[in-house]
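Notes to accompany the following structure.
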Amino acid sequence: MPKNFKLGFNARPCIRLSRVEEILKDTQIITPVPSRQTLINLILSGKLEGKKTDLGYIVYEDSLKDWIRSFQPEAFGEVQATPEKTSPPSSII
């Protein structure tokens with residue numbers, strides 16, 4: 001039976017980029033799955049929180065969930081505000 005390993009601090013769970021690709025493919029959240037370079041660009045732009053390590057790119061699990069939630073708010077019971085429809089300004093002749 002494995003022993004519990006204590007780090008002594010609260011670590012954020014990380015997912016390797018290859019696993020992020022698998023998750024997106026298996027769940028069909030986005031079809032087709034964004035390319036690896038697109039996912040890297042999302043990390044570099046800050047839309048996904050992660051970093052490059054000796055093991056390659058990693059993404060923080062909570063960041064991936066937040067990113068998915070950002071484009072599927074209805075799946076989480078969140079209601080998006082609909083913009084008010086306004087008439088175009090009347091032009092003066």
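By convention in this document, the chains of the structure tokens carry letters A, B, ... by their order, each chain's residues are numbered from 1, and ligands are numbered from 1 in the order they are shown.
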
Would you kindly return, as a compact mmCIF listing (two decimals) with N, CA and C atoms, in the first residue's frame, each protein, DNA or RNA residue with an atom no farther than 9 Å from any atom of Leu39 (chain A), considering only C-alpha atoms and excluding same-chain residues fewer than 6 positions away?
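Generated file (part_5.txt):
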# COMPACT_ATOMS: atom_id res chain seq x y z
N LEU A 17 0.67 18.95 -21.31
CA LEU A 17 -0.06 19.39 -22.50
C LEU A 17 -0.60 18.21 -23.30
N VAL A 20 -3.81 17.33 -21.76
CA VAL A 20 -4.84 18.32 -22.09
C VAL A 20 -5.43 17.99 -23.45
N GLU A 21 -4.58 17.65 -24.41
CA GLU A 21 -5.05 17.26 -25.74
C GLU A 21 -5.96 16.04 -25.65
N LEU A 48 -4.69 30.43 -20.78
CA LEU A 48 -4.53 29.22 -19.98
C LEU A 48 -3.32 29.47 -19.09

### For Leu42 (chain A), the nearest of the candidates A:Leu64, A:Arg69, A:Cys14, A:Glu22, counting only C-alpha atoms
A:Leu64

### Message
Measuring between only C-alpha atoms, which one of A:Thr31, A:Lys25, A:Arg16, A:Ala11 shows the shortest distance to Thr53 (chain A)?
### Response
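Nearest to Thr53 (chain A): A:Arg16.
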
### Task
Have a look at A:Ser45, A:Phe5, A:Arg36, A:Pro13 and name the one nearest to Asp62 (chain A); count only C-alpha atoms.
A:Pro13

### Query
Between A:Pro34, A:Glu74, A:Ile29, A:Ser18, which has the minimum distance to Tyr57 (chain A) (counting only C-alpha atoms)?
A:Ser18

### Task
Please give the complete set of residues from region 5-91 of chain A that DSSP, run on the backbone, assigns to strand (DSSP E), formatted as a ChimeraX atom specification.
/A:14-16,50-53,56-60

Include C-alpha atoms and write out the residues we just selected as a short mmCIF file (atom, residue, chain, number, x, y, z; two decimals), in the first residue's frame.
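Result file part.cif:
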data_model
loop_
_atom_site.label_atom_id
_atom_site.label_comp_id
_atom_site.auth_asym_id
_atom_site.auth_seq_id
_atom_site.Cartn_x
_atom_site.Cartn_y
_atom_site.Cartn_z
CA CYS A 14 -0.79 20.30 -13.16
CA ILE A 15 -1.59 18.52 -16.39
CA ARG A 16 0.93 17.92 -19.15
CA GLY A 50 0.72 27.15 -17.25
CA LYS A 51 4.41 27.16 -18.02
CA LYS A 52 7.21 25.45 -19.86
CA THR A 53 9.17 22.98 -17.74
CA GLY A 56 7.42 20.27 -21.66
CA TYR A 57 4.42 22.52 -21.17
CA ILE A 58 2.09 22.04 -18.21
CA VAL A 59 -1.32 23.58 -17.55
CA TYR A 60 -2.83 24.14 -14.12
#

### Query
Which residue, A:Glu61, A:Glu49, A:Asp66, A:Asp54, has the smallest gap to Arg12 (chain A) when you use only C-alpha atoms?
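Ranking A:Glu61, A:Glu49, A:Asp66, A:Asp54 by distance to Arg12 (chain A), first place goes to A:Glu61.
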